[in-house]
Amino acid sequence: MANKKRVVKSINDHGASRCVDIFARPDGSFGIEEYRRDAEDNSGWFPIGRYGARVFTSQDRALREAQGKAAWLAELMKGGSGLPPATPQ
């Protein structure tokens, strides 16, 4: 599967209802996507950001962009309480 993306970091909000994934592409570039899930709906995570086609040269640049797109992530990162544990993939 030459076009398979690999998640390198997954960050949940404190309520575990939103998530940002940073993924690596086979060509060495990185991307981001924001997801949401509803506790009362068992259908799982679904994309809400539609950022997956954006291309970044590093994981750090992707994370900075994600903070600019997902206000909850920016608040979480600057909150000083640290990030919640990454979601296992």
# chains A, B, ... in the order shown; residues from 1 in each chain; ligands from 1
>>> residues_around(residues="Phe30 of chain A", least_positions_apart="2", cutoff="8 Å", atoms="only C-alpha atoms", output="NGL selection string")
:A and (22-25 or 28 or 32 or 55-59 or 62)
>>> select_by_dssp(residues="chain A", states="helix (DSSP H, G or I)", output="list in words")
Gln59, Asp60, Arg61, Ala62, Leu63, Arg64, Glu65, Ala66, Gln67, Gly68, Lys69, Ala71, Trp72, Leu73, Ala74, Glu75, Leu76, Met77 and Lys78 of chain A
>>> write_last_selection(atoms="C-alpha atoms", output="mmCIF file, in the first residue's frame")
data_model
loop_
_atom_site.group_PDB
_atom_site.id
_atom_site.type_symbol
_atom_site.label_atom_id
_atom_site.label_comp_id
_atom_site.auth_asym_id
_atom_site.auth_seq_id
_atom_site.Cartn_x
_atom_site.Cartn_y
_atom_site.Cartn_z
ATOM 1 C CA GLN A 59 5.896 17.063 12.279
ATOM 2 C CA ASP A 60 6.506 20.299 14.217
ATOM 3 C CA ARG A 61 5.130 22.446 11.397
ATOM 4 C CA ALA A 62 2.082 20.207 11.169
ATOM 5 C CA LEU A 63 1.501 20.539 14.922
ATOM 6 C CA ARG A 64 1.777 24.341 14.766
ATOM 7 C CA GLU A 65 -0.754 24.429 11.938
ATOM 8 C CA ALA A 66 -3.084 22.132 13.861
ATOM 9 C CA GLN A 67 -2.963 24.519 16.821
ATOM 10 C CA GLY A 68 -4.003 27.329 14.495
ATOM 11 C CA LYS A 69 -6.923 25.320 13.113
ATOM 12 C CA ALA A 71 -8.738 26.270 19.029
ATOM 13 C CA TRP A 72 -9.164 23.563 21.679
ATOM 14 C CA LEU A 73 -5.723 22.177 20.819
ATOM 15 C CA ALA A 74 -4.080 25.588 21.114
ATOM 16 C CA GLU A 75 -5.695 26.032 24.545
ATOM 17 C CA LEU A 76 -4.597 22.570 25.608
ATOM 18 C CA MET A 77 -1.006 23.178 24.512
ATOM 19 C CA LYS A 78 -0.690 26.545 26.261
#
>>> atom_distance(atom1="atom CA of Ser43 of chain A", atom2="atom CA of Pro26 of chain A")
28.5 Å
>>> closest_residue(among="A:Ser17, A:Gly31, A:Gly79, A:Lys5", to="Arg54 of chain A", atoms="only C-alpha atoms")
A:Gly31
>>> select_by_dssp(residues="chain A", states="strand (DSSP E)", output="PyMOL selection string")
chain A and resi 6-12+18-24+30-36+46-47
>>> residues_around(residues="Gly49 of chain A", least_positions_apart="3", cutoff="10 Å", atoms="only C-alpha atoms", output="list of chain:residue names")
A:Val20, A:Ile32, A:Glu33, A:Glu34, A:Tyr35, A:Arg36, A:Phe46, A:Gly52, A:Ala66, A:Lys69, A:Ala70
>>> atom_distance(atom1="atom CA of His14 of chain A", atom2="atom CA of Asp38 of chain A")
13.8 Å
>>> atom_distance(atom1="atom CA of Tyr51 of chain A", atom2="atom CA of Asp27 of chain A")
17.7 Å
>>> decode(residues="segment 39-61 of chain A", atoms="N, CA and C atoms", output="PDB file, in the first residue's frame")
ATOM      1  N   ALA A  39     -20.231  10.620  22.269  1.00  0.00           N
ATOM      2  CA  ALA A  39     -20.299   9.521  23.231  1.00  0.00           C
ATOM      3  C   ALA A  39     -21.573   8.698  23.065  1.00  0.00           C
ATOM      4  N   GLU A  40     -22.661   9.348  22.703  1.00  0.00           N
ATOM      5  CA  GLU A  40     -23.930   8.631  22.582  1.00  0.00           C
ATOM      6  C   GLU A  40     -24.089   7.905  21.239  1.00  0.00           C
ATOM      7  N   ASP A  41     -23.133   8.096  20.347  1.00  0.00           N
ATOM      8  CA  ASP A  41     -23.180   7.470  19.023  1.00  0.00           C
ATOM      9  C   ASP A  41     -21.962   6.554  18.873  1.00  0.00           C
ATOM     10  N   ASN A  42     -22.181   5.298  18.655  1.00  0.00           N
ATOM     11  CA  ASN A  42     -21.085   4.329  18.578  1.00  0.00           C
ATOM     12  C   ASN A  42     -20.460   4.222  17.198  1.00  0.00           C
ATOM     13  N   SER A  43     -20.670   5.199  16.340  1.00  0.00           N
ATOM     14  CA  SER A  43     -20.127   5.103  14.978  1.00  0.00           C
ATOM     15  C   SER A  43     -18.648   5.476  14.908  1.00  0.00           C
ATOM     16  N   GLY A  44     -18.049   5.916  16.003  1.00  0.00           N
ATOM     17  CA  GLY A  44     -16.617   6.189  16.039  1.00  0.00           C
ATOM     18  C   GLY A  44     -16.252   7.604  15.634  1.00  0.00           C
ATOM     19  N   TRP A  45     -14.994   7.773  15.256  1.00  0.00           N
ATOM     20  CA  TRP A  45     -14.436   9.082  14.898  1.00  0.00           C
ATOM     21  C   TRP A  45     -14.790   9.431  13.462  1.00  0.00           C
ATOM     22  N   PHE A  46     -15.072  10.701  13.224  1.00  0.00           N
ATOM     23  CA  PHE A  46     -15.267  11.156  11.850  1.00  0.00           C
ATOM     24  C   PHE A  46     -14.561  12.497  11.663  1.00  0.00           C
ATOM     25  N   PRO A  47     -13.993  12.730  10.475  1.00  0.00           N
ATOM     26  CA  PRO A  47     -13.228  13.954  10.243  1.00  0.00           C
ATOM     27  C   PRO A  47     -14.129  15.176  10.211  1.00  0.00           C
ATOM     28  N   ILE A  48     -13.653  16.241  10.848  1.00  0.00           N
ATOM     29  CA  ILE A  48     -14.406  17.499  10.818  1.00  0.00           C
ATOM     30  C   ILE A  48     -13.559  18.648  10.285  1.00  0.00           C
ATOM     31  N   GLY A  49     -12.255  18.463  10.224  1.00  0.00           N
ATOM     32  CA  GLY A  49     -11.384  19.555   9.808  1.00  0.00           C
ATOM     33  C   GLY A  49     -11.178  19.656   8.320  1.00  0.00           C
ATOM     34  N   ARG A  50     -11.144  18.519   7.663  1.00  0.00           N
ATOM     35  CA  ARG A  50     -10.889  18.467   6.219  1.00  0.00           C
ATOM     36  C   ARG A  50      -9.551  19.123   5.864  1.00  0.00           C
ATOM     37  N   TYR A  51      -8.534  18.836   6.695  1.00  0.00           N
ATOM     38  CA  TYR A  51      -7.200  19.395   6.469  1.00  0.00           C
ATOM     39  C   TYR A  51      -6.236  18.373   5.879  1.00  0.00           C
ATOM     40  N   GLY A  52      -6.684  17.159   5.656  1.00  0.00           N
ATOM     41  CA  GLY A  52      -5.826  16.051   5.293  1.00  0.00           C
ATOM     42  C   GLY A  52      -4.977  16.236   4.048  1.00  0.00           C
ATOM     43  N   ALA A  53      -5.391  17.092   3.139  1.00  0.00           N
ATOM     44  CA  ALA A  53      -4.629  17.293   1.900  1.00  0.00           C
ATOM     45  C   ALA A  53      -3.480  18.294   2.069  1.00  0.00           C
ATOM     46  N   ARG A  54      -3.459  19.023   3.158  1.00  0.00           N
ATOM     47  CA  ARG A  54      -2.383  19.995   3.377  1.00  0.00           C
ATOM     48  C   ARG A  54      -1.073  19.265   3.606  1.00  0.00           C
ATOM     49  N   VAL A  55       0.016  19.840   3.144  1.00  0.00           N
ATOM     50  CA  VAL A  55       1.326  19.196   3.195  1.00  0.00           C
ATOM     51  C   VAL A  55       2.285  20.041   4.035  1.00  0.00           C
ATOM     52  N   PHE A  56       3.001  19.374   4.948  1.00  0.00           N
ATOM     53  CA  PHE A  56       3.980  20.030   5.816  1.00  0.00           C
ATOM     54  C   PHE A  56       5.299  19.274   5.722  1.00  0.00           C
ATOM     55  N   THR A  57       6.387  20.005   5.887  1.00  0.00           N
ATOM     56  CA  THR A  57       7.709  19.399   5.750  1.00  0.00           C
ATOM     57  C   THR A  57       8.204  18.747   7.035  1.00  0.00           C
ATOM     58  N   SER A  58       7.525  19.033   8.164  1.00  0.00           N
ATOM     59  CA  SER A  58       7.946  18.417   9.430  1.00  0.00           C
ATOM     60  C   SER A  58       6.739  18.199  10.330  1.00  0.00           C
ATOM     61  N   GLN A  59       6.940  17.325  11.293  1.00  0.00           N
ATOM     62  CA  GLN A  59       5.896  17.063  12.279  1.00  0.00           C
ATOM     63  C   GLN A  59       5.627  18.321  13.107  1.00  0.00           C
ATOM     64  N   ASP A  60       6.673  19.068  13.436  1.00  0.00           N
ATOM     65  CA  ASP A  60       6.506  20.299  14.217  1.00  0.00           C
ATOM     66  C   ASP A  60       5.669  21.337  13.473  1.00  0.00           C
ATOM     67  N   ARG A  61       5.924  21.489  12.186  1.00  0.00           N
ATOM     68  CA  ARG A  61       5.130  22.446  11.397  1.00  0.00           C
ATOM     69  C   ARG A  61       3.670  22.011  11.331  1.00  0.00           C
TER      70      ARG A  61
END
